[in-house]
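Enquirer: My structure is stored as input.cif, with mmCIF, C-alpha atoms.
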data_final
#
loop_
_atom_site.label_atom_id
_atom_site.label_comp_id
_atom_site.auth_asym_id
_atom_site.auth_seq_id
_atom_site.Cartn_x
_atom_site.Cartn_y
_atom_site.Cartn_z
CA MET A 1 115.06 15.82 186.28
CA ALA A 2 117.33 18.78 186.74
CA GLY A 3 117.86 21.90 184.71
CA PHE A 4 117.42 21.23 181.03
CA ASP A 5 117.62 17.45 181.39
CA LYS A 6 114.41 16.09 179.85
CA VAL A 7 115.14 12.38 180.24
CA VAL A 8 112.59 10.12 181.89
CA ASN A 9 113.33 6.49 182.53
CA THR A 10 110.03 4.72 182.06
CA TYR A 11 107.20 4.90 179.56
CA GLU A 12 104.80 5.30 182.50
CA GLU A 13 106.56 8.54 183.42
CA ALA A 14 106.70 9.58 179.78
CA MET A 15 102.93 9.51 179.35
CA ALA A 16 101.92 10.45 182.90
CA GLY A 17 99.04 12.90 182.99
CA LEU A 18 97.32 11.70 179.84
CA GLU A 19 93.60 11.56 180.59
CA ASP A 20 90.39 10.48 178.92
CA GLY A 21 89.12 12.97 176.36
CA MET A 22 92.46 14.62 175.66
CA THR A 23 93.87 15.58 172.26
CA VAL A 24 97.10 13.91 171.20
CA ILE A 25 99.18 15.01 168.21
CA ALA A 26 101.31 12.21 166.82
CA GLY A 27 104.25 12.39 164.41
CA GLY A 28 104.77 9.85 161.65
CA PHE A 29 103.77 9.22 158.06
CA GLY A 30 102.17 5.86 157.43
CA ILE A 31 104.10 3.76 159.92
CA CYS A 32 107.40 5.49 159.19
CA GLY A 33 108.83 7.55 162.04
CA ILE A 34 105.98 6.81 164.43
CA PRO A 35 106.39 6.90 168.22
CA GLU A 36 105.71 3.15 168.48
CA ASN A 37 106.38 2.73 172.17
CA LEU A 38 104.51 5.84 173.26
CA ILE A 39 101.49 4.59 171.33
CA ASN A 40 101.84 1.20 172.99
CA GLN A 41 101.99 2.94 176.35
CA ILE A 42 98.71 4.73 175.62
CA LYS A 43 97.22 1.33 174.78
CA LYS A 44 98.50 -0.03 178.06
CA MET A 45 97.04 2.90 180.00
CA GLY A 46 93.65 2.32 178.39
CA THR A 47 92.96 6.06 178.06
CA LYS A 48 89.69 6.57 176.19
CA GLU A 49 87.78 9.17 174.18
CA LEU A 50 90.98 10.45 172.64
CA THR A 51 91.17 12.84 169.74
CA ILE A 52 94.23 11.91 167.71
CA ILE A 53 95.80 14.27 165.21
CA SER A 54 98.01 12.28 162.89
CA ASN A 55 98.42 12.05 159.13
CA ASN A 56 97.37 8.37 159.23
CA CYS A 57 96.03 5.88 161.74
CA GLY A 58 98.61 3.12 161.51
CA ILE A 59 97.74 -0.36 160.31
CA ASP A 60 95.99 -3.30 161.94
CA GLY A 61 98.02 -4.33 164.97
CA PHE A 62 100.74 -1.70 164.64
CA GLY A 63 101.11 2.02 165.27
CA LEU A 64 97.96 3.98 166.07
CA GLY A 65 95.96 0.99 164.79
CA VAL A 66 96.46 -0.66 168.20
CA LEU A 67 94.44 2.10 169.87
CA LEU A 68 91.42 1.06 167.82
CA GLU A 69 91.44 -2.43 169.37
CA ASP A 70 90.00 -1.20 172.67
CA ARG A 71 88.16 1.72 171.06
CA GLN A 72 90.36 4.33 172.67
CA ILE A 73 89.99 6.80 169.83
CA LYS A 74 86.89 8.98 169.60
CA LYS A 75 88.05 11.13 166.71
CA MET A 76 90.85 11.11 164.15
CA VAL A 77 92.05 14.19 162.29
CA SER A 78 94.04 12.86 159.32
CA SER A 79 94.67 13.28 155.62
CA TYR A 80 94.54 9.61 154.69
CA VAL A 81 93.09 6.70 156.60
CA GLY A 82 91.57 3.31 156.07
CA GLU A 83 94.66 1.16 155.58
CA ASN A 84 93.22 -0.95 158.42
CA LYS A 85 90.07 -3.07 158.63
CA LEU A 86 89.30 -2.14 162.22
CA PHE A 87 89.34 1.54 161.29
CA GLU A 88 86.88 0.94 158.47
CA GLU A 89 84.56 -1.06 160.75
CA GLN A 90 84.50 1.57 163.49
CA LEU A 91 84.04 4.37 160.98
CA LEU A 92 81.12 2.68 159.23
CA SER A 93 79.44 1.74 162.51
CA GLY A 94 79.70 5.32 163.76
CA GLN A 95 81.98 4.51 166.70
CA LEU A 96 84.76 6.59 165.26
CA GLU A 97 84.63 10.14 163.96
CA VAL A 98 87.01 11.28 161.25
CA GLU A 99 87.89 14.78 160.15
CA LEU A 100 89.75 14.60 156.86
CA THR A 101 92.23 17.41 156.39
CA PRO A 102 94.54 18.01 153.42
CA GLN A 103 98.05 16.86 154.23
CA GLY A 104 99.74 20.21 153.79
CA THR A 105 97.03 21.96 155.75
CA LEU A 106 97.42 19.40 158.54
CA ALA A 107 101.18 19.98 158.68
CA GLU A 108 100.65 23.74 158.72
CA LYS A 109 97.96 23.50 161.43
CA MET A 110 100.54 21.84 163.67
CA ARG A 111 103.32 24.22 162.67
CA ALA A 112 101.10 27.26 163.23
CA ALA A 113 99.93 26.03 166.64
CA GLY A 114 103.52 25.60 167.75
CA ALA A 115 104.42 29.04 166.43
CA GLY A 116 101.58 30.82 168.20
CA ILE A 117 99.54 31.46 165.07
CA PRO A 118 95.85 30.64 165.66
CA ALA A 119 94.80 30.44 162.01
CA PHE A 120 96.10 30.98 158.48
CA TYR A 121 94.77 31.42 154.95
CA THR A 122 95.46 28.78 152.33
CA ALA A 123 94.25 28.15 148.79
CA THR A 124 94.17 24.42 149.52
CA GLY A 125 90.58 23.21 149.60
CA TYR A 126 89.00 26.41 148.31
CA GLY A 127 85.97 25.53 146.17
CA THR A 128 85.79 21.99 147.64
CA ASP A 129 83.82 20.46 150.51
CA ILE A 130 86.80 21.19 152.78
CA GLY A 131 86.28 24.92 152.32
CA GLU A 132 82.60 24.86 153.18
CA GLY A 133 81.63 27.09 156.08
CA LYS A 134 85.14 28.51 156.32
CA ASP A 135 85.98 32.17 156.02
CA VAL A 136 87.05 33.06 152.46
CA ARG A 137 89.26 36.01 151.61
CA GLU A 138 90.78 37.22 148.40
CA PHE A 139 94.45 38.19 148.19
CA ASN A 140 95.95 39.37 144.89
CA GLY A 141 93.00 38.06 142.92
CA ARG A 142 93.03 34.56 144.40
CA LYS A 143 90.66 33.07 146.97
CA TYR A 144 91.87 31.50 150.20
CA ILE A 145 90.14 29.78 153.10
CA LEU A 146 90.87 30.31 156.77
CA GLU A 147 92.14 27.22 158.58
CA GLU A 148 92.63 27.09 162.34
CA SER A 149 95.73 25.66 163.94
CA ILE A 150 95.57 22.57 166.17
CA GLN A 151 97.15 22.33 169.57
CA GLY A 152 97.34 19.10 171.51
CA ASP A 153 97.29 18.37 175.22
CA PHE A 154 100.12 16.02 174.40
CA SER A 155 102.30 15.52 171.38
CA ILE A 156 104.13 12.25 170.87
CA VAL A 157 107.06 12.20 168.49
CA LYS A 158 109.88 9.94 167.36
CA ALA A 159 113.37 11.20 166.57
CA TRP A 160 116.60 9.37 165.83
CA LYS A 161 119.00 10.93 168.32
CA ALA A 162 118.67 13.57 170.95
CA ASP A 163 120.88 14.93 173.67
CA ARG A 164 119.58 14.96 177.22
CA TYR A 165 118.31 18.53 176.70
CA GLY A 166 115.98 17.32 173.95
CA ASN A 167 117.90 18.74 171.00
CA ALA A 168 116.92 16.22 168.36
CA ILE A 169 117.81 14.92 164.92
CA TYR A 170 115.50 12.86 162.74
CA ARG A 171 116.64 10.19 160.34
CA ASN A 172 115.69 10.28 156.64
CA THR A 173 111.98 10.56 155.89
CA ALA A 174 111.13 9.40 159.41
CA MET A 175 111.21 13.15 160.03
CA ASN A 176 107.88 13.83 158.25
CA PHE A 177 105.34 15.33 160.70
CA ASN A 178 107.49 14.92 163.81
CA PRO A 179 109.13 18.37 163.96
CA MET A 180 105.76 20.18 163.79
CA ALA A 181 104.07 17.73 166.14
CA ALA A 182 106.86 18.37 168.64
CA THR A 183 105.98 22.07 168.77
CA ALA A 184 102.21 21.66 168.92
CA GLY A 185 101.67 19.76 172.17
CA LYS A 186 101.32 21.43 175.56
CA ILE A 187 103.42 18.51 176.73
CA CYS A 188 105.78 17.10 174.11
CA VAL A 189 107.01 13.58 174.72
CA MET A 190 109.81 12.45 172.45
CA GLU A 191 111.21 8.97 172.08
CA VAL A 192 114.52 8.33 170.37
CA GLU A 193 116.83 5.51 169.42
CA GLU A 194 119.76 7.04 171.22
CA ILE A 195 120.23 9.65 173.91
CA VAL A 196 123.62 11.36 174.00
CA GLU A 197 125.18 13.93 176.29
CA PRO A 198 124.69 17.67 175.63
CA GLY A 199 127.47 18.90 173.35
CA GLU A 200 127.76 15.66 171.42
CA LEU A 201 125.42 16.79 168.64
CA ASP A 202 126.56 19.58 166.36
CA PRO A 203 124.24 22.55 167.11
CA MET A 204 124.19 23.34 163.39
CA TYR A 205 122.44 20.08 162.59
CA ILE A 206 119.68 20.07 165.20
CA HIS A 207 116.21 19.70 163.65
CA THR A 208 114.14 20.17 166.81
CA PRO A 209 115.61 22.45 169.51
CA GLY A 210 115.18 21.12 173.03
CA ILE A 211 112.95 24.02 174.05
CA TYR A 212 110.00 22.20 172.49
CA VAL A 213 110.64 18.90 174.26
CA ASP A 214 109.30 18.23 177.77
CA ARG A 215 110.06 14.55 178.25
CA LEU A 216 112.62 12.39 176.49
CA ILE A 217 112.97 8.64 176.55
CA GLN A 218 115.18 6.12 174.77
CA GLY A 219 113.45 3.09 173.30
CA THR A 220 113.89 0.22 170.89
CA PHE A 221 111.90 0.21 167.69
CA GLU A 222 110.46 -2.46 165.46
CA LYS A 223 110.24 -0.11 162.41
CA ARG A 224 107.80 -2.25 160.51
CA ILE A 225 107.71 -1.71 156.73
CA GLU A 226 104.31 -0.98 155.16
CA LYS A 227 105.18 -1.55 151.49
CA ARG A 228 108.27 -3.59 150.85
CA THR A 229 109.24 -2.39 147.38
CA VAL A 230 112.58 -3.85 146.37
CA ARG A 231 114.43 -4.07 143.06
CA GLU A 232 116.84 -6.71 141.83
CA GLY A 233 120.39 -5.94 142.94
CA MET B 234 94.66 2.36 119.41
CA ALA B 235 94.33 3.78 122.88
CA LEU B 236 97.68 4.54 124.50
CA SER B 237 99.13 2.02 126.92
CA ARG B 238 100.04 3.22 130.40
CA ASP B 239 103.68 3.38 129.36
CA GLN B 240 102.87 5.34 126.21
CA MET B 241 100.91 7.80 128.34
CA ALA B 242 103.94 8.14 130.59
CA ILE B 243 106.22 8.66 127.56
CA ARG B 244 103.99 11.48 126.32
CA VAL B 245 103.84 13.21 129.70
CA ALA B 246 107.61 12.84 130.07
CA ARG B 247 107.95 15.13 127.02
CA GLU B 248 106.65 17.95 129.24
CA LEU B 249 109.76 17.60 131.42
CA GLN B 250 112.61 20.06 131.13
CA ASP B 251 116.18 19.83 132.31
CA GLY B 252 116.39 21.03 135.92
CA TYR B 253 112.72 20.47 136.70
CA TYR B 254 111.51 19.61 140.20
CA VAL B 255 108.58 17.25 139.67
CA ASN B 256 105.92 15.68 141.87
CA LEU B 257 104.44 12.45 140.51
CA GLY B 258 101.20 11.22 142.05
CA ILE B 259 100.50 7.66 143.08
CA GLY B 260 99.53 5.22 140.30
CA ILE B 261 100.14 5.78 136.56
CA PRO B 262 101.98 9.10 137.11
CA THR B 263 104.86 7.25 138.79
CA LEU B 264 105.61 5.62 135.41
CA VAL B 265 106.74 9.02 134.09
CA ALA B 266 109.94 8.54 136.12
CA ASN B 267 110.90 5.63 133.83
CA HIS B 268 110.85 7.84 130.74
CA VAL B 269 112.95 10.86 131.65
CA PRO B 270 114.79 11.68 128.38
CA ASP B 271 118.49 10.82 128.29
CA GLY B 272 120.80 13.59 129.38
CA MET B 273 118.06 15.39 131.28
CA ASP B 274 118.26 15.94 135.03
CA VAL B 275 114.97 15.89 136.87
CA MET B 276 114.45 15.75 140.62
CA LEU B 277 111.41 13.97 142.03
CA GLN B 278 109.60 15.43 145.02
CA SER B 279 107.80 13.16 147.45
CA GLU B 280 105.43 15.10 149.66
CA ASN B 281 106.21 13.30 152.92
CA GLY B 282 109.49 15.21 152.81
CA LEU B 283 112.00 14.16 150.16
CA LEU B 284 113.36 16.02 147.16
CA GLY B 285 115.50 13.79 144.97
CA MET B 286 113.80 10.42 145.19
CA GLY B 287 115.77 7.49 143.82
CA PRO B 288 114.61 4.05 142.69
CA PHE B 289 113.39 1.26 144.97
CA PRO B 290 116.23 -0.13 147.12
CA THR B 291 117.94 -3.41 146.48
CA GLU B 292 117.59 -5.95 149.31
CA ASP B 293 120.80 -4.72 150.99
CA GLN B 294 119.80 -1.05 150.73
CA ILE B 295 116.45 -1.39 152.52
CA ASP B 296 115.86 1.36 155.09
CA PRO B 297 112.50 1.49 156.89
CA ASP B 298 113.15 5.18 157.59
CA LEU B 299 113.20 6.02 153.89
CA ILE B 300 109.86 5.91 152.10
CA ASN B 301 107.93 7.91 149.52
CA ALA B 302 104.45 9.42 149.67
CA GLY B 303 103.01 6.07 148.56
CA LYS B 304 104.66 4.50 151.64
CA GLN B 305 106.96 2.49 149.40
CA LEU B 306 110.60 1.93 150.26
CA VAL B 307 112.83 4.18 148.14
CA THR B 308 116.39 5.46 147.97
CA THR B 309 117.75 8.98 147.66
CA ALA B 310 119.16 10.30 144.41
CA LYS B 311 122.44 12.22 144.27
CA GLY B 312 121.80 15.75 145.51
CA ALA B 313 118.68 14.83 147.45
CA SER B 314 117.42 16.70 150.50
CA ILE B 315 115.10 15.62 153.31
CA PHE B 316 112.82 17.87 155.31
CA SER B 317 109.62 17.98 157.32
CA SER B 318 106.14 17.64 155.82
CA ALA B 319 105.49 21.33 156.58
CA GLU B 320 108.57 22.30 154.57
CA SER B 321 107.48 19.91 151.84
CA PHE B 322 104.08 21.53 151.50
CA ALA B 323 105.62 24.98 151.76
CA MET B 324 107.49 24.23 148.53
CA ILE B 325 104.33 22.77 146.97
CA ARG B 326 101.95 25.51 148.09
CA GLY B 327 104.53 28.17 147.40
CA GLY B 328 104.61 27.17 143.75
CA HIS B 329 108.23 25.99 143.72
CA VAL B 330 107.55 22.61 142.12
CA ASP B 331 107.85 22.92 138.32
CA LEU B 332 105.52 20.13 137.26
CA THR B 333 102.90 18.05 139.05
CA VAL B 334 101.41 14.94 137.47
CA LEU B 335 98.42 13.29 139.05
CA GLY B 336 95.49 10.99 138.31
CA ALA B 337 91.80 11.88 138.49
CA PHE B 338 88.28 10.46 138.32
CA GLU B 339 86.86 13.50 136.52
CA VAL B 340 87.95 16.81 135.04
CA ASP B 341 85.62 19.49 133.68
CA VAL B 342 85.68 22.38 131.20
CA ASN B 343 86.30 24.88 133.99
CA GLY B 344 89.45 23.13 135.12
CA ASN B 345 87.85 21.55 138.17
CA ILE B 346 89.21 18.19 139.25
CA ALA B 347 87.69 15.35 141.28
CA SER B 348 90.18 12.72 142.31
CA TRP B 349 89.75 11.72 145.92
CA MET B 350 86.28 10.59 146.86
CA ILE B 351 83.43 8.51 145.46
CA PRO B 352 80.37 8.88 147.68
CA GLY B 353 79.09 5.51 148.86
CA LYS B 354 82.55 3.99 148.74
CA LEU B 355 84.87 4.05 151.73
CA ILE B 356 86.40 7.49 152.00
CA LYS B 357 90.10 7.24 152.65
CA GLY B 358 91.08 10.87 152.37
CA MET B 359 92.72 13.34 150.04
CA GLY B 360 96.27 12.99 151.30
CA GLY B 361 98.26 15.77 149.65
CA ALA B 362 96.20 16.02 146.46
CA MET B 363 94.31 19.18 147.43
CA ASP B 364 97.52 20.96 148.35
CA LEU B 365 99.19 19.84 145.13
CA VAL B 366 96.45 21.07 142.81
CA ALA B 367 96.10 24.34 144.72
CA GLY B 368 99.82 25.04 144.78
CA ALA B 369 101.09 24.07 141.34
CA ASP B 370 100.87 26.23 138.22
CA ASN B 371 101.88 23.45 135.89
CA ILE B 372 99.76 20.34 136.37
CA VAL B 373 99.18 17.45 133.99
CA VAL B 374 96.28 15.15 134.79
CA MET B 375 96.82 11.60 133.56
CA MET B 376 93.75 9.38 133.33
CA THR B 377 91.70 7.20 131.02
CA HIS B 378 89.33 9.14 128.79
CA ALA B 379 86.32 7.12 129.96
CA ASP B 380 85.66 4.96 133.01
CA LYS B 381 85.31 1.19 132.81
CA TYR B 382 81.61 1.54 131.99
CA GLY B 383 82.42 3.82 129.05
CA ASN B 384 81.31 7.03 130.79
CA SER B 385 83.32 10.09 129.83
CA LYS B 386 85.63 11.52 132.49
CA LEU B 387 85.91 14.87 130.68
CA LEU B 388 82.71 16.58 131.72
CA PRO B 389 80.77 19.85 131.46
CA GLN B 390 80.82 19.81 135.26
CA CYS B 391 82.38 17.39 137.73
CA ASN B 392 79.84 15.19 139.52
CA LEU B 393 82.09 13.94 142.30
CA PRO B 394 83.35 16.06 145.21
CA LEU B 395 86.17 18.32 144.01
CA THR B 396 89.84 18.11 144.85
CA GLY B 397 90.40 21.59 143.49
CA ALA B 398 88.53 24.30 141.59
CA GLY B 399 89.72 25.89 138.36
CA CYS B 400 93.25 24.55 138.60
CA ILE B 401 93.66 22.11 135.69
CA THR B 402 94.78 23.18 132.20
CA GLN B 403 96.32 20.00 130.74
CA VAL B 404 94.96 16.45 130.53
CA LEU B 405 96.59 13.45 128.93
CA THR B 406 94.22 10.53 128.46
CA ASP B 407 94.68 7.21 126.73
CA LEU B 408 93.02 8.79 123.67
CA ALA B 409 94.14 12.40 123.54
CA TYR B 410 96.12 15.33 124.82
CA VAL B 411 93.66 18.03 125.81
CA GLU B 412 94.06 21.59 127.05
CA ILE B 413 91.45 23.46 129.09
CA ARG B 414 90.84 27.20 128.67
CA ASP B 415 87.95 29.62 128.29
CA GLY B 416 85.52 27.08 129.72
CA LYS B 417 86.17 24.51 126.99
CA PHE B 418 88.30 21.49 126.24
CA HIS B 419 90.69 21.95 123.31
CA LEU B 420 91.87 18.85 121.47
CA VAL B 421 95.60 19.16 120.87
CA GLU B 422 96.87 15.69 119.95
CA ARG B 423 95.33 12.26 119.48
CA ALA B 424 96.53 8.73 120.09
CA PRO B 425 97.80 7.05 116.90
CA GLY B 426 94.92 5.57 114.93
CA VAL B 427 92.22 7.11 117.13
CA SER B 428 89.83 9.31 115.18
CA VAL B 429 88.82 12.82 116.18
CA GLU B 430 85.20 11.63 116.00
CA GLU B 431 85.81 8.91 118.58
CA ILE B 432 87.48 11.38 120.95
CA VAL B 433 84.70 13.93 120.58
CA GLU B 434 82.09 11.21 121.10
CA LYS B 435 83.80 10.13 124.33
CA THR B 436 84.12 13.70 125.64
CA ALA B 437 81.01 14.86 127.50
CA GLY B 438 82.15 18.46 127.91
CA GLU B 439 82.37 20.91 125.00
CA MET B 440 85.47 20.24 122.93
CA VAL B 441 87.04 22.62 120.44
CA VAL B 442 88.65 20.74 117.55
CA PRO B 443 91.17 22.48 115.33
CA ASP B 444 91.42 21.66 111.60
CA HIS B 445 94.47 19.53 112.12
CA VAL B 446 94.92 17.26 115.15
CA PRO B 447 98.31 15.55 114.97
CA GLU B 448 98.83 12.01 116.19
CA ILE B 449 101.15 11.54 119.16
CA GLN B 450 104.41 10.16 117.75
CA PHE B 451 106.37 7.32 119.36
#
As a first step, turn the structure in this file into structure tokens.
Expert:
Amino acid sequence: MAGFDKVVNTYEEAMAGLEDGMTVIAGGFGICGIPENLINQIKKMGTKELTIISNNCGIDGFGLGVLLEDRQIKKMVSSYVGENKLFEEQLLSGQLEVELTPQGTLAEKMRAAGAGIPAFYTATGYGTDIGEGKDVREFNGRKYILEESIQGDFSIVKAWKADRYGNAIYRNTAMNFNPMAATAGKICVMEVEEIVEPGELDPMYIHTPGIYVDRLIQGTFEKRIEKRTVREG
Amino acid sequence: MALSRDQMAIRVARELQDGYYVNLGIGIPTLVANHVPDGMDVMLQSENGLLGMGPFPTEDQIDPDLINAGKQLVTTAKGASIFSSAESFAMIRGGHVDLTVLGAFEVDVNGNIASWMIPGKLIKGMGGAMDLVAGADNIVVMMTHADKYGNSKLLPQCNLPLTGAGCITQVLTDLAYVEIRDGKFHLVERAPGVSVEEIVEKTAGEMVVPDHVPEIQF
């Protein structure tokens, strides 16, 4: 690597330094826009006791679901889980801890961490179990709870295209949590479908500036579909 | 007769206005999209990060990178925009969405809503529901009046863990259109052929009944 060039050539290099017990923030919504190959690399490495921050936990046999197979995940912080049998089993048997977090709060926790904001007030969850034990403050007659941001040791994200400097563009709703995840990891690893040379992407249309990206790798993606809803043509 | 799911959607669709940005929750609320009045432009928000959701794709339009909050394949409508989930919840929390329609297990006279968790059953999570009810001013809850055992879902106080506190003012059930204010339910309209007595009997929370309760017209 030289200068601003973030490209690494192997998935081993991409995830080097990930250790047992670390916190990993993953982009993706359902199995759309997930860093499939980076997840598979974590499976291959066998890293254990991981805390994973991700809106969902994949499905059986795909996405973050594969990390359940060898019990690599200690704790999940998500807004919606349980689309997979293995997850349910490990949750009910107490092998897996889950911290449910409202989706917008989860997105903001990542965004805030990346922006250097340690905590923020939100009305979301006030008066519910989610607000219990959290600092409450009133602004303009309305009550808000204090939520802390979440930083990861690593963040793993998937974009569509990036230049070698890590300036990235997402495709359609595969964007989802990826831009915030990219900012919230001490080491951000991004995988993309295509790496281009600096200058090839219009600076006006960059979603994630390269400053957030530490390692960049080009991969091929299965892009499995979770719910195949189709209408007659 | 209790309203069918489609009739419920037709009634809720009458709350739409031209130029509205609308978030429809998973389940029955999605049916509202099929009943947008002719000549009216409405844009559907999907909280994963899409404003201007179109119909399901045809086989040749399938794009795994384009889904809605229910993880279903969708298309974009003309004039759509796509953004991150943080941006999506900024517009929700910031009160920019004009109408939110969502389902519920229970609603009570103080506008509390329980819609995400039944203790003892597998807990899957709240997704974006807590953000939606906290952020929107204009929310319609769409649900059956009673559960499958005949227990009222309009209560003096919610029994299940809350999704949001004091945030619901309008409920459309299969029997009635109900408003919530001043710590009471107020019966506004009834399903055709359903008596006021039946509705009151199936409402566990205090219900104010005006002299005249019109039937919902179809």
Enquirer: To one decimal place in Å, what is the distance between atom CA of Met376 of chain B and atom CA of Gln403 of chain B?
Expert: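 Atom CA of Gln403 of chain B lies at a distance of 11.2 Å from atom CA of Met376 of chain B.
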Enquirer: Starting from chain A, keep only residues with some atom at most 9 Å from an atom of chain B, counting only C-alpha atoms, and report them as a PyMOL selection string.
Expert: chain A and resi 29-33+55+78-83+88+92+100-108+110-111+122-129+171-180+223-233
Enquirer: Could you work out how far atom CA of Ser54 of chain A lies from atom CA of Val98 of chain A, giving the answer in Å with one decimal?
Expert: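 If I compute the distance from atom CA of Val98 of chain A to atom CA of Ser54 of chain A, I get 11.2 Å.
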Enquirer: Go through A:Gly185, A:Gly219, A:Gly116, A:Gly131 and flag the residue nearest Ala162 of chain A, using only C-alpha atoms for the distances.
Expert: A:Gly219
Enquirer: Report the distance between atom CA of Ile59 of chain A and atom CA of Thr10 of chain A in Å, rounded to one decimal place.
Expert: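 Spanning atom CA of Ile59 of chain A to atom CA of Thr10 of chain A is a straight-line distance of 25.5 Å.
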Enquirer: Find the residues around Val374 of chain B up to 6 Å (only C-alpha atoms counted), leave out those fewer than 2 positions away in its own chain, and share them as a count of residues only.
Expert: 4
Enquirer: So which residues get picked by the PyMOL selection byres ((chain B and resi 378) around 8) here, written as a PyMOL selection string?
Expert: chain B and resi 376-377+379-380+385-387+406-409+435-436
Enquirer: Once you have the residues from the selection above, write them out as a PDB file, in the coordinates of the input, restricted to C-alpha atoms.
Expert:
ATOM      1  CA  MET B 376      93.750   9.380 133.330  1.00  0.00           C
ATOM      2  CA  THR B 377      91.700   7.200 131.020  1.00  0.00           C
ATOM      3  CA  ALA B 379      86.320   7.120 129.960  1.00  0.00           C
ATOM      4  CA  ASP B 380      85.660   4.960 133.010  1.00  0.00           C
ATOM      5  CA  SER B 385      83.320  10.090 129.830  1.00  0.00           C
ATOM      6  CA  LYS B 386      85.630  11.520 132.490  1.00  0.00           C
ATOM      7  CA  LEU B 387      85.910  14.870 130.680  1.00  0.00           C
ATOM      8  CA  THR B 406      94.220  10.530 128.460  1.00  0.00           C
ATOM      9  CA  ASP B 407      94.680   7.210 126.730  1.00  0.00           C
ATOM     10  CA  LEU B 408      93.020   8.790 123.670  1.00  0.00           C
ATOM     11  CA  ALA B 409      94.140  12.400 123.540  1.00  0.00           C
ATOM     12  CA  LYS B 435      83.800  10.130 124.330  1.00  0.00           C
ATOM     13  CA  THR B 436      84.120  13.700 125.640  1.00  0.00           C
TER      14      THR B 436
END
Enquirer: Quick one: which residues end up in the PyMOL selection byres ((chain A and resi 7) around 6) for this structure, as a list of chain:residue names?
Expert: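 So the PyMOL selection byres ((chain A and resi 7) around 6), applied here, picks out A:Asp5, A:Lys6, A:Val8, A:Arg164, A:Arg215, A:Leu216, A:Ile217.
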Enquirer: Around all the atoms of segment 400-409 of chain B listed in the file, with 3 Å of room on each side, what axis-aligned box do you get, giving centre and edge lengths in Å to one decimal, as lines of an AutoDock Vina configuration file?
Expert:
center_x = 94.8
center_y = 15.9
center_z = 131.1
size_x = 9.6
size_y = 23.3
size_z = 21.1
Enquirer: Please evaluate the PyMOL selection byres ((chain B and resi 419) around 10) against the displayed coordinates and give the resulting residues as number ranges by chain.
Expert: B: 342, 402-403, 410-418, 420-422, 439-443
Enquirer: Give the answer as one residue: which of A:Arg137, A:Lys48, A:Lys109, A:Lys143 has the shortest atom-to-atom distance to Lys74 of chain A, using only C-alpha atoms?
Expert: A:Lys48
Enquirer: Which is closest to Asn343 of chain B among B:Leu405, B:Val330, B:Met375, B:Cys391, if we use all atoms listed in the file?
Expert: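 When distances to Asn343 of chain B are compared using all atoms listed in the file, the smallest one comes from B:Cys391.
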Enquirer: Which residue out of B:Met324, B:Leu393, B:Ala437, B:Val245 has the minimum interatomic distance to Ala337 of chain B when all atoms listed in the file are used?
Expert: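 Among the listed residues, B:Leu393 lies closest to Ala337 of chain B.
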Enquirer: May I have the residues at most 12 Å from (109.8, 11.7, 175.2) in the file's coordinates, counting all atoms listed in the file, as a PyMOL selection string?
Expert: chain A and resi 5-16+26+35-39+41+154-168+182+185+187-195+210+212-219
Enquirer: I'd like the contact shell of Asp370 of chain B - 8 Å cut-off, all atoms listed in the file, skipping same-chain residues fewer than 3 positions apart - returned as a list in words.
Expert: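 Listing them by chain and then by number gives Gly328, Asp331, Leu332 and Cys400 of chain B.
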